[in-house]
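**Q** First, the structure itself, so that you have it in front of you.
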Amino acid sequence: MQKYIVENHEESWLPEGKNFKLVWSDEFDGTELDASKWDYRMSMMGKYHESWTDKGVHLDGNGNCVFTLMAAEDDGRPVCSQLQTGYNFMDEPVQKTTFETAYLQWPIGKLKENKFTHTYGYYECRCRMQLKPGWWSAFWIQSPTIGASLDPAETGVEIDVMESFHPGKIVHHNVFTGGYGLDMKHISAGEGLTLDENEYHRFGVLWDENGYTFYVDGKEDGHIDGFVSKRPEFILISTEANGYRDEDHLPTEEAKAAIGDTFLVDYVRVFDVV
């Protein structure tokens, strides 16, 4: 690995043999989340998601973005937050529309302007994972129009750089194409890792014309050479309580017991290869 120095912050660990230029970052300095870079994801696939809140993130003043599994104000259920730099066109709930006097319904919600999207480069996040079971964390990249065609180069993919469903456990990396219905396909890389959940770790992906190469703490951890997206995509840092995707849409007892636990993000950076 090669080290990239960011003054007064932790260094990035980048792949060897290439030259990089920092093009976007958030070091999470100060005490207020930068709304010009991030928004809260509150809906998924056209529906409000009961697990998410726009109150579950704060900056601690020491360079950390703190995600907290918290009790909802209305009924005490466990809720937490997802942050994103852009928007998927299928996420917003559908609103009733008309075309002149015709009652025709476009099956997507209101579209939004993306805050940051990018094509290719090295994407890196340094974070300390959640400490208790019952909720999970992830660092990933998604196309605003994934699934709008069968061609991943044209309409993009989902790139899962890090997903931790249990404290200290990292699952294999994935790339999804075709949306999230009948045409969904995916390829996996890496075997999954066990890491010290009390320490910070660096997770990265080098996305280029040849595919996706994944890195954990500066070491390569798998490569995917299919489903190469050529379109701008946005970044997500996400947490979610367990149980809300089950048929009854109720949080698990583990999720309730984990209220108060935190997931910490030190930085997110995007580099171009130059």
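Chain labels A, B, ... are given in the sequence in which chains occur in the structure tokens; within each chain residues are numbered consecutively from 1, and ligands are likewise numbered from 1 in the order shown.
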Compile the contact shell of A:Phe214 as a short mmCIF file (atom, residue, chain, number, x, y, z; two decimals) with N, CA and C atoms, in the first residue's frame: residues with an atom at most 8 Å away, counting only C-alpha atoms, same-chain residues fewer than 6 positions apart removed.

**A**
data_model
loop_
_atom_site.label_atom_id
_atom_site.label_comp_id
_atom_site.auth_asym_id
_atom_site.auth_seq_id
_atom_site.Cartn_x
_atom_site.Cartn_y
_atom_site.Cartn_z
N VAL A 161 -18.91 -2.17 -0.57
CA VAL A 161 -17.51 -2.15 -0.16
C VAL A 161 -17.34 -2.80 1.21
N HIS A 173 -17.66 -8.94 -0.43
CA HIS A 173 -18.06 -7.77 -1.20
C HIS A 173 -18.97 -8.22 -2.35
N PHE A 203 -11.72 0.63 4.62
CA PHE A 203 -12.36 -0.18 3.59
C PHE A 203 -12.37 0.62 2.29
N GLY A 204 -11.93 0.00 1.20
CA GLY A 204 -11.85 0.73 -0.04
C GLY A 204 -12.13 -0.13 -1.25
N VAL A 205 -12.45 0.54 -2.36
CA VAL A 205 -12.62 -0.14 -3.64
C VAL A 205 -12.01 0.71 -4.74
N LEU A 206 -11.24 0.07 -5.60
CA LEU A 206 -10.73 0.71 -6.81
C LEU A 206 -11.64 0.30 -7.95
N GLU A 220 -5.40 -6.11 -0.48
CA GLU A 220 -6.41 -6.51 -1.45
C GLU A 220 -7.26 -7.65 -0.90
N ASP A 221 -8.57 -7.58 -1.11
CA ASP A 221 -9.48 -8.58 -0.57
C ASP A 221 -10.52 -8.99 -1.61
N GLY A 222 -10.08 -9.18 -2.86
CA GLY A 222 -10.97 -9.69 -3.88
C GLY A 222 -11.16 -8.73 -5.04
N HIS A 223 -11.50 -9.30 -6.19
CA HIS A 223 -11.70 -8.51 -7.41
C HIS A 223 -12.91 -9.05 -8.16
#

**Q** Near A:Pro232, within 8 Å and counting only C-alpha atoms, which residues show up once chain neighbours fewer than 2 positions away are dropped, as an mmCIF file with C-alpha atoms, in the first residue's frame?

**A**
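Resulting contents of around_16.cif:
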data_model
loop_
_atom_site.group_PDB
_atom_site.id
_atom_site.type_symbol
_atom_site.label_atom_id
_atom_site.label_comp_id
_atom_site.auth_asym_id
_atom_site.auth_seq_id
_atom_site.Cartn_x
_atom_site.Cartn_y
_atom_site.Cartn_z
ATOM 1 C CA THR A 117 -21.802 11.462 -7.938
ATOM 2 C CA HIS A 118 -18.630 10.174 -9.540
ATOM 3 C CA THR A 119 -17.382 7.578 -12.007
ATOM 4 C CA SER A 143 -26.303 4.255 -9.242
ATOM 5 C CA GLY A 156 -25.070 1.419 -13.174
ATOM 6 C CA LYS A 230 -19.666 3.584 -16.637
ATOM 7 C CA PHE A 234 -23.321 8.165 -5.254
#

**Q** When you count only C-alpha atoms, which of these residues is closest to A:Val273: A:Trp136, A:Tyr120, A:Tyr244, A:Phe227?

**A**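 The shortest atom-to-atom distance to A:Val273 comes from A:Tyr120.
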
**Q** Write out as a tab-separated table a residue-level contact list of stretch 219-271 of chain A versus stretch 55-66 of chain A with cut-off 12 Å: for each qualifying residue the closest pair of atoms and the distance in Å to one decimal, counting only C-alpha atoms, rows sorted by chain and residue number upward.

**A**
residue	atom	partner	partner_atom	distance
A:Ile237	CA	A:Cys65	CA	10.3
A:Ser238	CA	A:Val57	CA	10.6
A:Thr239	CA	A:Gly56	CA	9.6
A:Glu240	CA	A:Gly56	CA	10.7
A:Ala241	CA	A:Gly56	CA	11.9
A:Ile259	CA	A:Gly56	CA	11.3
A:Gly260	CA	A:Gly56	CA	10.4
A:Asp261	CA	A:Val66	CA	10.0
A:Thr262	CA	A:Val66	CA	6.5
A:Phe263	CA	A:Val66	CA	6.0
A:Leu264	CA	A:Val66	CA	4.8
A:Val265	CA	A:Cys65	CA	5.0
A:Asp266	CA	A:Asn64	CA	4.8
A:Tyr267	CA	A:Asn64	CA	7.5
A:Val268	CA	A:Cys65	CA	10.2

**Q** What does the structure give for the distance between atom CA of A:Leu195 and atom CA of A:Gly218, in Å to one decimal?

**A**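 It comes out at 13.7 Å.
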
**Q** Stretch 43-216 of chain A: which residues are helix (DSSP H, G or I) by DSSP, as an MDAnalysis selection string?

**A** chainID A and resid 152:155

**Q** What separation in Å, quoted to one decimal, exists between atom CA of A:Asn8 and atom CA of A:Lys115?

**A** 25.8 Å

**Q** Run DSSP on the backbone of this structure and report the residues of stretch 24-241 of chain A it assigns to strand (DSSP E or B), as a PyMOL selection string.

**A** chain A and resi 24-26+39-40+43-44+47-48+52+57-59+65-68+70-71+78-80+82-84+99+102+118+121-128+135-142+158-164+166+169-170+173-177+185-189+193-194+200-208+211-216+219-224+233-241

**Q** Write the residues of the preceding selection, restricted to C-alpha atoms, as a tab-separated table (two decimals), in the first residue's frame.

**A**
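What landed in result_16.tsv:
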chain	number	residue	atom	x	y	z
A	24	TRP	CA	-13.94	14.65	-2.74
A	25	SER	CA	-13.91	14.01	0.99
A	26	ASP	CA	-15.57	14.57	4.30
A	39	ASP	CA	-28.73	13.84	3.04
A	40	TYR	CA	-30.66	11.31	5.09
A	43	SER	CA	-37.35	5.73	2.06
A	44	MET	CA	-36.54	2.60	0.10
A	47	LYS	CA	-41.87	3.36	0.86
A	48	TYR	CA	-40.92	5.12	4.08
A	52	TRP	CA	-34.62	5.07	9.69
A	57	VAL	CA	-26.27	11.10	13.30
A	58	HIS	CA	-24.12	13.73	14.99
A	59	LEU	CA	-20.52	14.94	14.79
A	65	CYS	CA	-19.51	11.04	12.42
A	66	VAL	CA	-21.44	9.12	15.06
A	67	PHE	CA	-24.33	6.86	14.04
A	68	THR	CA	-26.45	5.89	17.06
A	70	MET	CA	-31.71	5.15	19.27
A	71	ALA	CA	-35.26	4.85	20.55
A	78	PRO	CA	-35.01	1.10	17.62
A	79	VAL	CA	-34.17	3.44	14.73
A	80	CYS	CA	-30.95	4.69	13.14
A	82	GLN	CA	-28.45	6.24	6.55
A	83	LEU	CA	-26.53	9.04	4.85
A	84	GLN	CA	-26.19	9.43	1.10
A	99	PHE	CA	-51.43	14.63	-16.87
A	102	ALA	CA	-55.97	12.36	-17.43
A	118	HIS	CA	-18.63	10.17	-9.54
A	121	GLY	CA	-11.59	6.06	-8.77
A	122	TYR	CA	-10.69	4.83	-5.30
A	123	TYR	CA	-13.38	5.14	-2.63
A	124	GLU	CA	-12.28	4.77	1.00
A	125	CYS	CA	-13.93	4.88	4.42
A	126	ARG	CA	-12.23	4.63	7.82
A	127	CYS	CA	-14.64	3.53	10.53
A	128	ARG	CA	-15.15	1.71	13.81
A	135	TRP	CA	-28.13	-3.78	13.87
A	136	TRP	CA	-25.71	-3.51	10.97
A	137	SER	CA	-23.50	-1.04	9.13
A	138	ALA	CA	-22.31	-0.59	5.54
A	139	PHE	CA	-20.25	1.56	3.19
A	140	TRP	CA	-21.40	1.29	-0.42
A	141	ILE	CA	-21.95	2.99	-3.77
A	142	GLN	CA	-25.13	3.01	-5.87
A	158	GLU	CA	-24.57	-1.32	-6.51
A	159	ILE	CA	-21.03	-1.74	-5.13
A	160	ASP	CA	-20.90	-3.12	-1.57
A	161	VAL	CA	-17.51	-2.15	-0.16
A	162	MET	CA	-18.18	-3.05	3.49
A	163	GLU	CA	-21.11	-4.71	5.20
A	164	SER	CA	-21.04	-5.81	8.83
A	166	HIS	CA	-22.49	-8.84	13.27
A	169	LYS	CA	-17.66	-9.70	11.03
A	170	ILE	CA	-17.28	-8.41	7.46
A	173	HIS	CA	-18.06	-7.77	-1.20
A	174	ASN	CA	-20.82	-7.66	-3.82
A	175	VAL	CA	-21.72	-5.94	-7.07
A	176	PHE	CA	-25.42	-5.98	-8.01
A	177	THR	CA	-26.94	-5.12	-11.37
A	185	LYS	CA	-27.87	-10.40	-10.62
A	186	HIS	CA	-24.75	-10.18	-8.51
A	187	ILE	CA	-21.13	-11.26	-8.24
A	188	SER	CA	-19.24	-11.68	-4.96
A	189	ALA	CA	-15.56	-11.38	-4.03
A	193	LEU	CA	-13.21	-11.34	7.53
A	194	THR	CA	-13.19	-11.19	11.31
A	200	TYR	CA	-10.87	1.60	13.29
A	201	HIS	CA	-10.47	-0.09	9.89
A	202	ARG	CA	-10.09	1.18	6.33
A	203	PHE	CA	-12.36	-0.18	3.59
A	204	GLY	CA	-11.85	0.73	-0.04
A	205	VAL	CA	-12.62	-0.14	-3.64
A	206	LEU	CA	-10.73	0.71	-6.81
A	207	TRP	CA	-13.37	1.03	-9.55
A	208	ASP	CA	-12.06	1.31	-13.10
A	211	GLY	CA	-13.87	-3.86	-12.68
A	212	TYR	CA	-13.70	-3.52	-8.92
A	213	THR	CA	-10.81	-4.37	-6.60
A	214	PHE	CA	-11.58	-4.33	-2.89
A	215	TYR	CA	-9.23	-3.50	-0.01
A	216	VAL	CA	-9.38	-3.93	3.76
A	219	LYS	CA	-4.63	-5.25	1.65
A	220	GLU	CA	-6.41	-6.51	-1.45
A	221	ASP	CA	-9.48	-8.58	-0.57
A	222	GLY	CA	-10.97	-9.69	-3.88
A	223	HIS	CA	-11.70	-8.51	-7.41
A	224	ILE	CA	-14.81	-8.49	-9.60
A	233	GLU	CA	-22.82	6.91	-8.81
A	234	PHE	CA	-23.32	8.16	-5.25
A	235	ILE	CA	-22.00	7.14	-1.84
A	236	LEU	CA	-23.92	5.75	1.12
A	237	ILE	CA	-22.98	5.15	4.74
A	238	SER	CA	-25.76	3.17	6.29
A	239	THR	CA	-27.00	1.56	9.45
A	240	GLU	CA	-30.20	-0.40	9.98
A	241	ALA	CA	-31.88	-2.21	12.85

**Q** Which value, in Å to one decimal, gives the distance between atom CA of A:Asp272 and atom CA of A:Asn19?

**A**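 So the two atoms, atom CA of A:Asp272 and atom CA of A:Asn19, lie 8.4 Å apart.
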
**Q** Residues within 8 Å of A:Ala257, please, as a ChimeraX atom specification. Count only C-alpha atoms; anything in the same chain fewer than 3 positions from it doesn't count.

**A** /A:134,253-254

**Q** Write a file of the selected residues as an mmCIF file, in the first residue's frame, keeping C-alpha atoms.

**A**
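And here's selection09.cif as it stands now:
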data_model
loop_
_atom_site.group_PDB
_atom_site.id
_atom_site.type_symbol
_atom_site.label_atom_id
_atom_site.label_comp_id
_atom_site.auth_asym_id
_atom_site.auth_seq_id
_atom_site.Cartn_x
_atom_site.Cartn_y
_atom_site.Cartn_z
ATOM 1 C CA GLY A 134 -29.042 -6.311 16.547
ATOM 2 C CA GLU A 253 -35.217 -8.278 20.559
ATOM 3 C CA GLU A 254 -31.484 -7.958 19.866
#

**Q** With only C-alpha atoms as the basis for distance, which of A:Gln2, A:Thr97, A:Asn88, A:Gln105 is at the shortest distance from A:Met42?

**A**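 Between A:Gln2, A:Thr97, A:Asn88, A:Gln105, the residue approaching A:Met42 most closely is A:Asn88.
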